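Visitor: Sending over a structure as structure tokens; questions will come in a sec.
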Amino acid sequence: LDGKSHPRRVLLKLSGEAFGGGAVGIDPAVVRRIAEEIVPAVSNGVQVAIVVGGGNFFRGAQLQQAGIDRSRGDYMGMLGTVMNCLALQDFLEQEGQATRVQSAISMTQVAEPYIPLKAIRHLEKGRVVIFGAGAGMPYFSTDTVSIQRALEIHCDEVLMGKNGVDGVYTADPRKDANAKKFTTLDYHRALVDNLAVMDASALSMARDNHMMIRVFGLEGQSNVTRALEGQEIGTLVGT
Ligand code: UDP
């Protein structure tokens, strides 16, 4: 793969929970707003690849609690991410933004297969590439996949858009009034202190391969545009 210099290229991870607006399914108003915030950054020359989560539909670990085989539940979770991808694709296209969805599970009527070199080509042409179905493998999370995809297609950093929290804190800010937000944080501390930013496999893959991660809140006005354009919001993990 071609690792030579290129304009700013980022991997935006969008939590599935955000897409649901707190419920099961898709809240079109939320997805439309996120799409509207992606377009200005792409117009300014930022190359944007996206990994979408699926927590607004299914999580394999939760289905397992309900008696469903873990791997099968994980596949259900992955299929949920693809529905989110299609919703985001639709709102982006309504904004006049060309997009391609690439799925890790083949479903050629709705998405291209995951082909990294082709994804890079789309980005170079100013298309937004949306990666669906996670890694296509049970026991993975979309957080981990976002680091892997960012590494494989040579992104400068991962922008991890969270729902209900706007960065990494010393403790859960929803439970502890004294919790303080980190501006920067090293991988080691995030891992060792178990700061609940993302799963440990995502963090350790980022640490081992020097991929920086900016954790930020999806809710604030223009936060997505600001993160895509490189503004210092939220917490930068990887110092
Ligand atoms: N999943 C999986 N392999 C992957 C990505 C996702 O098995 O590579 C499944 C897993 O069950 C997960 C669900 O899909 O719980 C939804 O993804 P995730 O929980 O990462 O979404 P988010 O928390 O970002 O909404």
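Convention: chains lettered A, B, ... in structure tokens order; per-chain residue numbering from 1; ligands numbered from 1 as shown.
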If DSSP is run on the backbone, what residues of region 128-203 of chain A are helix (DSSP H, G or I)? A reply as a list of chain:residue names would be ideal.
Guide: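 Checking each residue of region 128-203 of chain A, the helix (DSSP H, G or I) ones are A:Thr142, A:Asp143, A:Thr144, A:Val145, A:Ser146, A:Ile147, A:Gln148, A:Arg149, A:Ala150, A:Leu151, A:Glu152, A:Tyr187, A:His188, A:Arg189, A:Ala190, A:Leu191, A:Val192, A:Ala200, A:Ser201, A:Ala202, A:Leu203.
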Visitor: Using only C-alpha atoms and all ligand atoms, what table do you get, as a Markdown table, when you list each residue of chain A with an atom no more than 9 Å from ligand 1, its nearest pair of atoms, and their distance in Å rounded to one decimal, rows by chain then rising number?
Guide:
```
| residue | atom | partner | partner_atom_place_in_ligand_line | distance |
| --- | --- | --- | --- | --- |
| A:Lys13 | CA | ligand 1 | 24 (O) | 7.6 |
| A:Leu14 | CA | ligand 1 | 24 (O) | 6.5 |
| A:Ser15 | CA | ligand 1 | 24 (O) | 3.8 |
| A:Gly16 | CA | ligand 1 | 25 (O) | 3.3 |
| A:Glu17 | CA | ligand 1 | 25 (O) | 5.0 |
| A:Ala18 | CA | ligand 1 | 25 (O) | 7.6 |
| A:Phe19 | CA | ligand 1 | 25 (O) | 8.4 |
| A:Val51 | CA | ligand 1 | 24 (O) | 8.5 |
| A:Val52 | CA | ligand 1 | 24 (O) | 6.5 |
| A:Gly53 | CA | ligand 1 | 24 (O) | 3.4 |
| A:Gly54 | CA | ligand 1 | 16 (C) | 3.9 |
| A:Gly55 | CA | ligand 1 | 25 (O) | 3.3 |
| A:Asn56 | CA | ligand 1 | 25 (O) | 6.1 |
| A:Phe57 | CA | ligand 1 | 16 (C) | 7.5 |
| A:Phe58 | CA | ligand 1 | 13 (C) | 5.9 |
| A:Arg59 | CA | ligand 1 | 15 (O) | 3.4 |
| A:Gly60 | CA | ligand 1 | 11 (O) | 3.4 |
| A:Ala61 | CA | ligand 1 | 11 (O) | 6.1 |
| A:Gln62 | CA | ligand 1 | 15 (O) | 7.8 |
| A:Leu63 | CA | ligand 1 | 11 (O) | 8.3 |
| A:Arg70 | CA | ligand 1 | 11 (O) | 7.9 |
| A:Ser71 | CA | ligand 1 | 7 (O) | 7.0 |
| A:Arg72 | CA | ligand 1 | 7 (O) | 8.6 |
| A:Gly73 | CA | ligand 1 | 11 (O) | 6.0 |
| A:Asp74 | CA | ligand 1 | 11 (O) | 3.4 |
| A:Tyr75 | CA | ligand 1 | 7 (O) | 5.7 |
| A:Met76 | CA | ligand 1 | 14 (O) | 6.8 |
| A:Gly77 | CA | ligand 1 | 14 (O) | 3.4 |
| A:Met78 | CA | ligand 1 | 14 (O) | 4.1 |
| A:Leu79 | CA | ligand 1 | 14 (O) | 7.5 |
| A:Gly80 | CA | ligand 1 | 16 (C) | 7.0 |
| A:Thr81 | CA | ligand 1 | 16 (C) | 6.5 |
| A:Ala104 | CA | ligand 1 | 8 (O) | 8.4 |
| A:Gly132 | CA | ligand 1 | 5 (C) | 8.6 |
| A:Ala133 | CA | ligand 1 | 5 (C) | 6.2 |
| A:Gly134 | CA | ligand 1 | 8 (O) | 3.6 |
| A:Ala135 | CA | ligand 1 | 8 (O) | 3.6 |
| A:Gly136 | CA | ligand 1 | 8 (O) | 5.2 |
| A:Met137 | CA | ligand 1 | 3 (N) | 4.7 |
| A:Pro138 | CA | ligand 1 | 7 (O) | 3.6 |
| A:Tyr139 | CA | ligand 1 | 7 (O) | 4.9 |
| A:Phe140 | CA | ligand 1 | 3 (N) | 3.9 |
| A:Ser141 | CA | ligand 1 | 20 (O) | 3.9 |
| A:Thr142 | CA | ligand 1 | 20 (O) | 3.7 |
| A:Asp143 | CA | ligand 1 | 20 (O) | 5.7 |
| A:Thr144 | CA | ligand 1 | 8 (O) | 7.4 |
| A:Val145 | CA | ligand 1 | 8 (O) | 5.9 |
| A:Lys162 | CA | ligand 1 | 24 (O) | 8.4 |
| A:Met198 | CA | ligand 1 | 23 (O) | 9.0 |
```
Visitor: Now that the selection is made, can you save its residues with N, CA and C atoms as a short mmCIF file (atom, residue, chain, number, x, y, z; two decimals), in the first residue's frame?
Guide:
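Produced file result_36.cif, reproduced below:
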```
data_model
loop_
_atom_site.label_atom_id
_atom_site.label_comp_id
_atom_site.auth_asym_id
_atom_site.auth_seq_id
_atom_site.Cartn_x
_atom_site.Cartn_y
_atom_site.Cartn_z
N LYS A 13 -14.78 7.48 13.93
CA LYS A 13 -15.59 6.38 14.49
C LYS A 13 -16.85 6.98 15.09
N LEU A 14 -18.00 6.52 14.62
CA LEU A 14 -19.27 7.04 15.13
C LEU A 14 -19.95 5.94 15.94
N SER A 15 -20.31 6.27 17.17
CA SER A 15 -20.94 5.24 18.00
C SER A 15 -22.35 4.97 17.50
N GLY A 16 -22.72 3.71 17.54
CA GLY A 16 -24.06 3.34 17.11
C GLY A 16 -25.12 3.95 18.02
N GLU A 17 -24.78 4.03 19.30
CA GLU A 17 -25.73 4.60 20.26
C GLU A 17 -26.18 6.00 19.84
N ALA A 18 -25.25 6.79 19.32
CA ALA A 18 -25.60 8.15 18.88
C ALA A 18 -26.66 8.08 17.78
N PHE A 19 -26.49 7.13 16.85
CA PHE A 19 -27.42 7.01 15.72
C PHE A 19 -28.85 6.72 16.19
N VAL A 51 -15.97 4.54 10.40
CA VAL A 51 -16.43 3.25 10.90
C VAL A 51 -17.64 3.54 11.77
N VAL A 52 -18.75 2.86 11.49
CA VAL A 52 -19.97 3.09 12.26
C VAL A 52 -20.22 1.90 13.17
N GLY A 53 -20.55 2.18 14.42
CA GLY A 53 -20.89 1.13 15.38
C GLY A 53 -22.31 0.63 15.18
N GLY A 54 -22.74 -0.23 16.08
CA GLY A 54 -24.06 -0.82 15.92
C GLY A 54 -24.82 -1.02 17.21
N GLY A 55 -24.33 -0.36 18.26
CA GLY A 55 -24.92 -0.55 19.58
C GLY A 55 -26.39 -0.14 19.68
N ASN A 56 -26.87 0.64 18.71
CA ASN A 56 -28.29 1.02 18.69
C ASN A 56 -29.18 -0.12 18.19
N PHE A 57 -28.55 -1.17 17.66
CA PHE A 57 -29.33 -2.36 17.27
C PHE A 57 -28.99 -3.51 18.22
N PHE A 58 -27.86 -4.13 17.99
CA PHE A 58 -27.51 -5.30 18.81
C PHE A 58 -26.06 -5.29 19.23
N ARG A 59 -25.84 -5.81 20.43
CA ARG A 59 -24.47 -6.12 20.87
C ARG A 59 -24.44 -7.61 21.19
N GLY A 60 -23.46 -8.28 20.59
CA GLY A 60 -23.36 -9.73 20.76
C GLY A 60 -23.32 -10.14 22.23
N ALA A 61 -22.57 -9.38 23.03
CA ALA A 61 -22.42 -9.74 24.44
C ALA A 61 -23.77 -9.67 25.16
N GLN A 62 -24.61 -8.70 24.78
CA GLN A 62 -25.94 -8.60 25.42
C GLN A 62 -26.87 -9.71 24.94
N LEU A 63 -26.76 -10.04 23.64
CA LEU A 63 -27.61 -11.13 23.12
C LEU A 63 -27.24 -12.45 23.79
N ARG A 70 -22.92 -16.56 21.24
CA ARG A 70 -22.17 -15.31 21.18
C ARG A 70 -21.78 -14.90 19.75
N SER A 71 -21.25 -15.86 18.99
CA SER A 71 -20.80 -15.50 17.65
C SER A 71 -21.97 -15.09 16.77
N ARG A 72 -23.08 -15.81 16.90
CA ARG A 72 -24.24 -15.46 16.08
C ARG A 72 -24.74 -14.07 16.47
N GLY A 73 -24.75 -13.80 17.76
CA GLY A 73 -25.14 -12.47 18.23
C GLY A 73 -24.21 -11.39 17.70
N ASP A 74 -22.92 -11.71 17.65
CA ASP A 74 -21.96 -10.75 17.11
C ASP A 74 -22.24 -10.48 15.62
N TYR A 75 -22.59 -11.54 14.88
CA TYR A 75 -22.93 -11.30 13.47
C TYR A 75 -24.17 -10.41 13.36
N MET A 76 -25.14 -10.62 14.26
CA MET A 76 -26.32 -9.73 14.25
C MET A 76 -25.88 -8.29 14.52
N GLY A 77 -24.93 -8.15 15.46
CA GLY A 77 -24.40 -6.81 15.74
C GLY A 77 -23.75 -6.19 14.52
N MET A 78 -22.98 -6.98 13.81
CA MET A 78 -22.31 -6.48 12.61
C MET A 78 -23.31 -6.06 11.54
N LEU A 79 -24.37 -6.85 11.39
CA LEU A 79 -25.39 -6.50 10.38
C LEU A 79 -26.05 -5.17 10.75
N GLY A 80 -26.21 -4.94 12.05
CA GLY A 80 -26.77 -3.66 12.51
C GLY A 80 -25.92 -2.48 12.07
N THR A 81 -24.61 -2.65 12.10
CA THR A 81 -23.75 -1.52 11.69
C THR A 81 -23.99 -1.16 10.23
N ALA A 104 -17.42 -5.54 5.48
CA ALA A 104 -16.53 -6.66 5.76
C ALA A 104 -17.25 -8.00 5.60
N GLY A 132 -18.57 -0.81 6.94
CA GLY A 132 -19.62 -1.49 7.69
C GLY A 132 -19.24 -2.92 8.05
N ALA A 133 -20.03 -3.50 8.93
CA ALA A 133 -19.88 -4.89 9.38
C ALA A 133 -18.60 -5.13 10.17
N GLY A 134 -18.08 -4.09 10.76
CA GLY A 134 -16.90 -4.23 11.62
C GLY A 134 -15.76 -4.90 10.90
N ALA A 135 -15.14 -5.86 11.56
CA ALA A 135 -14.05 -6.62 10.96
C ALA A 135 -14.59 -7.86 10.24
N GLY A 136 -15.91 -8.06 10.35
CA GLY A 136 -16.49 -9.29 9.79
C GLY A 136 -16.22 -10.48 10.69
N MET A 137 -15.75 -10.23 11.89
CA MET A 137 -15.38 -11.33 12.80
C MET A 137 -15.97 -11.12 14.18
N PRO A 138 -16.59 -12.19 14.72
CA PRO A 138 -17.09 -12.12 16.09
C PRO A 138 -15.96 -11.84 17.08
N TYR A 139 -16.32 -11.39 18.25
CA TYR A 139 -15.39 -11.08 19.34
C TYR A 139 -14.54 -9.84 19.07
N PHE A 140 -14.88 -9.09 18.03
CA PHE A 140 -14.22 -7.81 17.81
C PHE A 140 -15.21 -6.70 18.10
N SER A 141 -14.70 -5.49 18.25
CA SER A 141 -15.59 -4.34 18.41
C SER A 141 -15.31 -3.35 17.29
N THR A 142 -16.23 -2.45 17.08
CA THR A 142 -15.99 -1.45 16.03
C THR A 142 -14.90 -0.45 16.47
N ASP A 143 -14.67 -0.32 17.78
CA ASP A 143 -13.53 0.51 18.23
C ASP A 143 -12.22 -0.07 17.70
N THR A 144 -12.06 -1.38 17.89
CA THR A 144 -10.83 -2.04 17.43
C THR A 144 -10.71 -1.93 15.91
N VAL A 145 -11.82 -2.14 15.23
CA VAL A 145 -11.81 -2.07 13.77
C VAL A 145 -11.40 -0.67 13.30
N LYS A 162 -18.04 10.08 20.59
CA LYS A 162 -18.76 9.38 21.66
C LYS A 162 -20.12 10.02 21.91
N MET A 198 -12.40 3.20 25.61
CA MET A 198 -12.69 2.26 24.52
C MET A 198 -12.15 0.93 25.00
#
```
Visitor: Which of region 41-85 of chain A end up as strand (DSSP E or B) when DSSP is run on this backbone - answer as an mmCIF file with N, CA and C atoms, in the first residue's frame?
Guide:
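File states.cif, as written:
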```cif
data_model
loop_
_atom_site.group_PDB
_atom_site.id
_atom_site.type_symbol
_atom_site.label_atom_id
_atom_site.label_comp_id
_atom_site.auth_asym_id
_atom_site.auth_seq_id
_atom_site.Cartn_x
_atom_site.Cartn_y
_atom_site.Cartn_z
ATOM 1 N N GLN A 47 -9.719 14.137 3.921
ATOM 2 C CA GLN A 47 -10.155 12.816 3.448
ATOM 3 C C GLN A 47 -10.754 12.075 4.635
ATOM 4 N N VAL A 48 -12.031 11.670 4.484
ATOM 5 C CA VAL A 48 -12.760 11.132 5.624
ATOM 6 C C VAL A 48 -13.216 9.688 5.379
ATOM 7 N N ALA A 49 -12.704 8.787 6.200
ATOM 8 C CA ALA A 49 -13.201 7.412 6.235
ATOM 9 C C ALA A 49 -13.927 7.248 7.560
ATOM 10 N N ILE A 50 -14.960 6.416 7.557
ATOM 11 C CA ILE A 50 -15.807 6.300 8.743
ATOM 12 C C ILE A 50 -16.031 4.831 9.105
ATOM 13 N N VAL A 51 -15.966 4.543 10.398
ATOM 14 C CA VAL A 51 -16.429 3.250 10.901
ATOM 15 C C VAL A 51 -17.644 3.536 11.772
ATOM 16 N N VAL A 52 -18.753 2.857 11.488
ATOM 17 C CA VAL A 52 -19.968 3.094 12.256
ATOM 18 C C VAL A 52 -20.225 1.901 13.172
#
```
Visitor: With only C-alpha atoms as the basis for distance, which of A:Arg174, A:Arg33, A:Arg149, A:Arg207 is at the shortest distance from Arg189 (chain A)?
Guide: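 Once distances to Arg189 (chain A) are computed over only C-alpha atoms, the minimum belongs to A:Arg207.
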Visitor: Would you mind listing, for every residue of region 110-169 of chain A within 10 Å of region 87-91 of chain A, the two atoms forming the shortest contact and the distance between them in Å to one decimal, using only C-alpha atoms, sorted by chain and ascending residue number, as a tab-separated table?
Guide:
```
residue	atom	partner	partner_atom	distance
A:Val128	CA	A:Gln89	CA	8.8
A:Val129	CA	A:Gln89	CA	9.1
A:Ile130	CA	A:Gln89	CA	7.7
```
Visitor: Take the residues from that selection and put them in a file with C-alpha atoms, as a PDB file, in the first residue's frame.
Guide:
```pdb
ATOM      1  CA  VAL A 128     -16.424   9.557   1.931  1.00  0.00           C
ATOM      2  CA  VAL A 129     -15.825   5.861   2.597  1.00  0.00           C
ATOM      3  CA  ILE A 130     -18.015   4.207   5.218  1.00  0.00           C
TER       4      ILE A 130
END
```
Visitor: To one decimal in Å, tell me the separation between CA of Ala179 (chain A) and CA of Arg214 (chain A).
Guide: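 Those two atoms sit 18.7 Å apart.
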Visitor: Considering only C-alpha atoms, return as a ChimeraX atom specification whatever protein or nucleic-acid residues lie within 8 Å of Ala200 (chain A), sequence-local ones (same chain, fewer than 3 positions apart) excluded.
Guide: /A:191,203-204
Visitor: At a cut-off of 7 Å, using only C-alpha atoms, what residues contact region 219-223 of chain A? Leave out same-chain residues fewer than 3 positions from it and give the result as an MDAnalysis selection string.
Guide: chainID A and resid 37 163 226:227
Visitor: Kindly export the residues of the current selection with N, CA and C atoms, as a PDB file, in the first residue's frame.
Guide:
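Produced file out.pdb, reproduced below:
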```pdb
ATOM      1  N   GLU A  37     -22.473  17.802   9.242  1.00  0.00           N
ATOM      2  CA  GLU A  37     -21.215  18.278   9.830  1.00  0.00           C
ATOM      3  C   GLU A  37     -19.986  17.654   9.166  1.00  0.00           C
ATOM      4  N   ASN A 163     -20.973   9.234  22.504  1.00  0.00           N
ATOM      5  CA  ASN A 163     -22.312   9.677  22.841  1.00  0.00           C
ATOM      6  C   ASN A 163     -22.374   9.914  24.350  1.00  0.00           C
ATOM      7  N   ARG A 226     -15.277  20.174  13.578  1.00  0.00           N
ATOM      8  CA  ARG A 226     -14.077  20.648  14.263  1.00  0.00           C
ATOM      9  C   ARG A 226     -13.057  19.531  14.431  1.00  0.00           C
ATOM     10  N   ALA A 227     -13.530  18.366  14.824  1.00  0.00           N
ATOM     11  CA  ALA A 227     -12.605  17.236  14.983  1.00  0.00           C
ATOM     12  C   ALA A 227     -11.989  16.849  13.639  1.00  0.00           C
TER      13      ALA A 227
END
```
Visitor: For Ala190 (chain A), which of A:Val39, A:Ile233, A:Thr170, A:Leu159 is the closest residue, counting only C-alpha atoms?
Guide: A:Thr170
Visitor: Give me, please, the distance in Å between CA of Lys181 (chain A) and CA of Val165 (chain A), quoted to one decimal.
Guide: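 Atom-to-atom, CA of Lys181 (chain A) and CA of Val165 (chain A) are spaced 10.1 Å apart.
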